[in-house]
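Below: one structure, written as C-alpha cells.
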Amino acid sequence: MLETFTDEKFLWYLMRGTGVTLMLLFTLSTALGIFSTARAGNRFWPRFATQALHRNVSLISVALLVAHILTAVTHSFVDIRWIDVLVPFVGPYEPLWVGLGTLATDSVIVVVATSLVRERLSHRAWRAIHLTSYAAWALGVVHGIGLGTDATTTPWGLGSTVVSIGIVAASVVVRFATLSNERKYAA
C-alpha cells in the first residue's frame, strides 16, 4: 500500500486530479461566499444554509489543497520544494506559474487564519482580509491554466476552467445587481 503513494505515475495523476477538483471546489466556495453576503433567503433555502455550505465546502477545499501541495512536493518529476509552497517565485520549476499558486495558497492561509480568530477582529477588518479570497481564486485558476496539463489541452479541462470562470463571474454580477435592493432594506 505504501508503494502506491510513492509511485510517480500515481502521484502525477493525484496531483492533476486534486488540482482540477480544487478549482471546482474553490469556485463553488467562492460563489457560495458571494451569495452568502446577499441578505436574501426564503423558506426553502434560508440564508444560514448558504453560509454553512460555504464554510464546509471551504474546509474541504483547504484539506484538498494540502493534498495537492503534498503530491506536488512529493512527486519527483518536477522540482517543487517546500520553500516554494510558501515563498512565491523562488523555485527552479516554472517560477511564474508555481509562484502564482503559492500566492493563492498564501492568501488562503491568511483567510483561514483570520476566520479562525474572527471574533477578535472587527467585522470590517475580517471582511477586508476575507475579500482576498477572490484574488486567491483567480490566482489559482491562472496557476492551473499556466501549469495544469489539462486546463487548456483537453475538452474537459478547458470546459471546467471556462465553467468555473463563468460561475464566479455570474455570481459577481448577481451580487452587484442585488446590492441596491439590499441597501433599501438596510435603511
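Letters A, B, ... mark the chains of the C-alpha cells in the order given; residue numbers begin at 1 per chain; ligand numbers begin at 1, in order shown.
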Please provide as a list in words all residues within 9 Å of region 22-28 of chain A, with the sequence filter that same-chain residues fewer than 2 positions apart are discarded (counting only C-alpha atoms).
->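 Once the nearby chain positions are removed, what remains is Gly17, Thr18, Gly19, Val20, Thr30, Ala31, Leu32, Gly33, His54, Val57, Ser58, Ile60, Ser61, Val62, Leu64, Leu65, His68, Trp137, Gly140, Val141, Gly144, Ser160, Thr161, Val163, Ser164, Ile165, Ile167 and Val168 of chain A.
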Contact residues around Gly148 (chain A) with only C-alpha atoms at 10 Å, ignoring same-chain residues under 2 positions, as an mmCIF file with all heavy atoms, in the first residue's frame:
```
data_model
loop_
_atom_site.group_PDB
_atom_site.id
_atom_site.type_symbol
_atom_site.label_atom_id
_atom_site.label_comp_id
_atom_site.auth_asym_id
_atom_site.auth_seq_id
_atom_site.Cartn_x
_atom_site.Cartn_y
_atom_site.Cartn_z
ATOM 1 N N MET A 15 -1.955 14.555 -8.309
ATOM 2 C CA MET A 15 -1.703 15.991 -8.352
ATOM 3 C C MET A 15 -2.635 16.654 -9.371
ATOM 4 O O MET A 15 -3.231 17.691 -9.088
ATOM 5 C CB MET A 15 -0.235 16.269 -8.701
ATOM 6 C CG MET A 15 0.117 17.733 -8.685
ATOM 7 S SD MET A 15 1.882 18.067 -8.922
ATOM 8 C CE MET A 15 2.282 17.126 -10.361
ATOM 9 N N ARG A 16 -2.765 16.077 -10.542
ATOM 10 C CA ARG A 16 -3.669 16.614 -11.565
ATOM 11 C C ARG A 16 -5.107 16.585 -11.095
ATOM 12 O O ARG A 16 -5.840 17.577 -11.235
ATOM 13 C CB ARG A 16 -3.572 15.792 -12.852
ATOM 14 C CG ARG A 16 -2.317 16.007 -13.617
ATOM 15 C CD ARG A 16 -2.182 15.047 -14.776
ATOM 16 N NE ARG A 16 -3.279 15.158 -15.727
ATOM 17 C CZ ARG A 16 -3.615 14.211 -16.588
ATOM 18 N NH1 ARG A 16 -2.932 13.067 -16.611
ATOM 19 N NH2 ARG A 16 -4.596 14.369 -17.430
ATOM 20 N N GLY A 19 -5.809 19.095 -8.407
ATOM 21 C CA GLY A 19 -5.782 20.450 -8.965
ATOM 22 C C GLY A 19 -7.101 20.817 -9.628
ATOM 23 O O GLY A 19 -7.665 21.885 -9.372
ATOM 24 N N VAL A 20 -7.612 19.937 -10.464
ATOM 25 C CA VAL A 20 -8.883 20.205 -11.152
ATOM 26 C C VAL A 20 -10.028 20.252 -10.138
ATOM 27 O O VAL A 20 -10.871 21.154 -10.179
ATOM 28 C CB VAL A 20 -9.154 19.134 -12.233
ATOM 29 C CG1 VAL A 20 -10.554 19.289 -12.804
ATOM 30 C CG2 VAL A 20 -8.113 19.215 -13.330
ATOM 31 N N TRP A 97 4.390 30.303 -12.754
ATOM 32 C CA TRP A 97 3.143 29.564 -12.545
ATOM 33 C C TRP A 97 3.081 28.949 -11.153
ATOM 34 O O TRP A 97 2.018 28.974 -10.513
ATOM 35 C CB TRP A 97 2.966 28.506 -13.630
ATOM 36 C CG TRP A 97 2.991 29.081 -15.002
ATOM 37 C CD1 TRP A 97 3.891 28.797 -15.991
ATOM 38 C CD2 TRP A 97 2.117 30.073 -15.545
ATOM 39 N NE1 TRP A 97 3.622 29.539 -17.107
ATOM 40 C CE2 TRP A 97 2.527 30.342 -16.863
ATOM 41 C CE3 TRP A 97 1.021 30.779 -15.043
ATOM 42 C CZ2 TRP A 97 1.894 31.250 -17.687
ATOM 43 C CZ3 TRP A 97 0.379 31.691 -15.876
ATOM 44 C CH2 TRP A 97 0.817 31.917 -17.164
ATOM 45 N N VAL A 141 -6.839 29.812 -10.492
ATOM 46 C CA VAL A 141 -7.276 29.492 -11.859
ATOM 47 C C VAL A 141 -6.147 29.774 -12.852
ATOM 48 O O VAL A 141 -5.849 28.948 -13.716
ATOM 49 C CB VAL A 141 -8.561 30.271 -12.221
ATOM 50 C CG1 VAL A 141 -8.874 30.125 -13.708
ATOM 51 C CG2 VAL A 141 -9.737 29.775 -11.391
ATOM 52 N N VAL A 142 -5.498 30.923 -12.722
ATOM 53 C CA VAL A 142 -4.395 31.267 -13.626
ATOM 54 C C VAL A 142 -3.237 30.263 -13.445
ATOM 55 O O VAL A 142 -2.621 29.833 -14.425
ATOM 56 C CB VAL A 142 -3.929 32.721 -13.417
ATOM 57 C CG1 VAL A 142 -2.693 33.034 -14.240
ATOM 58 C CG2 VAL A 142 -5.059 33.683 -13.773
ATOM 59 N N HIS A 143 -2.960 29.885 -12.203
ATOM 60 C CA HIS A 143 -1.950 28.855 -11.918
ATOM 61 C C HIS A 143 -2.288 27.572 -12.678
ATOM 62 O O HIS A 143 -1.417 26.969 -13.323
ATOM 63 C CB HIS A 143 -1.896 28.602 -10.405
ATOM 64 C CG HIS A 143 -1.256 27.323 -9.988
ATOM 65 N ND1 HIS A 143 0.111 27.150 -9.935
ATOM 66 C CD2 HIS A 143 -1.809 26.152 -9.569
ATOM 67 C CE1 HIS A 143 0.382 25.926 -9.512
ATOM 68 N NE2 HIS A 143 -0.768 25.295 -9.286
ATOM 69 N N GLY A 144 -3.543 27.170 -12.618
ATOM 70 C CA GLY A 144 -3.969 25.958 -13.311
ATOM 71 C C GLY A 144 -3.881 26.072 -14.821
ATOM 72 O O GLY A 144 -3.499 25.128 -15.510
ATOM 73 N N ILE A 145 -4.223 27.249 -15.347
ATOM 74 C CA ILE A 145 -4.137 27.464 -16.796
ATOM 75 C C ILE A 145 -2.675 27.403 -17.253
ATOM 76 O O ILE A 145 -2.348 26.780 -18.261
ATOM 77 C CB ILE A 145 -4.778 28.811 -17.192
ATOM 78 C CG1 ILE A 145 -6.299 28.743 -17.014
ATOM 79 C CG2 ILE A 145 -4.407 29.196 -18.623
ATOM 80 C CD1 ILE A 145 -7.009 30.074 -17.137
ATOM 81 N N GLY A 146 -1.789 28.025 -16.484
ATOM 82 C CA GLY A 146 -0.385 28.077 -16.873
ATOM 83 C C GLY A 146 0.382 26.803 -16.635
ATOM 84 O O GLY A 146 1.293 26.457 -17.389
ATOM 85 N N ASP A 150 -4.066 19.853 -18.132
ATOM 86 C CA ASP A 150 -5.378 19.612 -18.730
ATOM 87 C C ASP A 150 -6.203 20.877 -18.915
ATOM 88 O O ASP A 150 -7.186 20.868 -19.641
ATOM 89 C CB ASP A 150 -6.185 18.650 -17.843
ATOM 90 C CG ASP A 150 -5.501 17.317 -17.681
ATOM 91 O OD1 ASP A 150 -5.175 16.705 -18.709
ATOM 92 O OD2 ASP A 150 -5.274 16.896 -16.534
ATOM 93 N N ALA A 151 -5.826 21.971 -18.266
ATOM 94 C CA ALA A 151 -6.661 23.169 -18.215
ATOM 95 C C ALA A 151 -7.024 23.724 -19.588
ATOM 96 O O ALA A 151 -8.124 24.221 -19.779
ATOM 97 C CB ALA A 151 -5.986 24.247 -17.379
ATOM 98 N N THR A 152 -6.132 23.633 -20.526
ATOM 99 C CA THR A 152 -6.418 24.161 -21.866
ATOM 100 C C THR A 152 -6.196 23.148 -22.971
ATOM 101 O O THR A 152 -6.488 23.437 -24.128
ATOM 102 C CB THR A 152 -5.534 25.402 -22.156
ATOM 103 O OG1 THR A 152 -4.162 25.031 -22.038
ATOM 104 C CG2 THR A 152 -5.841 26.544 -21.211
ATOM 105 N N THR A 153 -5.714 21.960 -22.626
ATOM 106 C CA THR A 153 -5.367 20.990 -23.676
ATOM 107 C C THR A 153 -6.399 19.890 -23.853
ATOM 108 O O THR A 153 -6.348 19.177 -24.846
ATOM 109 C CB THR A 153 -3.997 20.338 -23.377
ATOM 110 O OG1 THR A 153 -4.074 19.683 -22.108
ATOM 111 C CG2 THR A 153 -2.888 21.380 -23.370
ATOM 112 N N GLY A 157 -10.931 19.652 -19.426
ATOM 113 C CA GLY A 157 -10.153 20.606 -18.643
ATOM 114 C C GLY A 157 -10.498 22.035 -19.018
ATOM 115 O O GLY A 157 -10.714 22.891 -18.148
#
```
Mind the document's chain letters and residue numbers, and return as a ChimeraX atom specification the residues of region 28-142 of chain A that DSSP labels helix (DSSP H, G or I).
-> /A:28-37,47-74,82-86,95-116,118-120,123-130,132-142
Counting only C-alpha atoms, what is within 10 Å of region 76-82 of chain A, bar same-chain residues fewer than 3 positions away, as a count of residues only?
-> 21
Given the choices A:Ala138, A:Leu116, A:Ile34, A:Ala170, which gets closest to Gly101 (chain A) if the distance is worked out from only C-alpha atoms?
->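 Answer, going by the shortest atom-to-atom distance: A:Ala138.
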Determine, counting only C-alpha atoms, which protein, DNA and RNA residues have an atom within 8 Å of an atom of region 108-110 of chain A; residues of the same chain fewer than 2 positions away are not included. Present the result as a list in words.
-> Val62, Ala104, Thr105, Asp106, Val112, Ala113, Thr114, Ile129, Ser133 and Ala136 of chain A
Expressed in Å, the length from CA of Val66 (chain A) to CA of Ala135 (chain A) is 18.8 Å
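Take CA of Val117 (chain A) and CA of His130 (chain A): the distance between them is 12.1 Å.
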CA of Ala67 (chain A) to CA of Tyr13 (chain A) measures 12.2 Å
Nearest to Val111 (chain A), restricted to only C-alpha atoms and choosing among A:His123, A:Leu179, A:Asp84, A:Ala128, comes out as A:Ala128
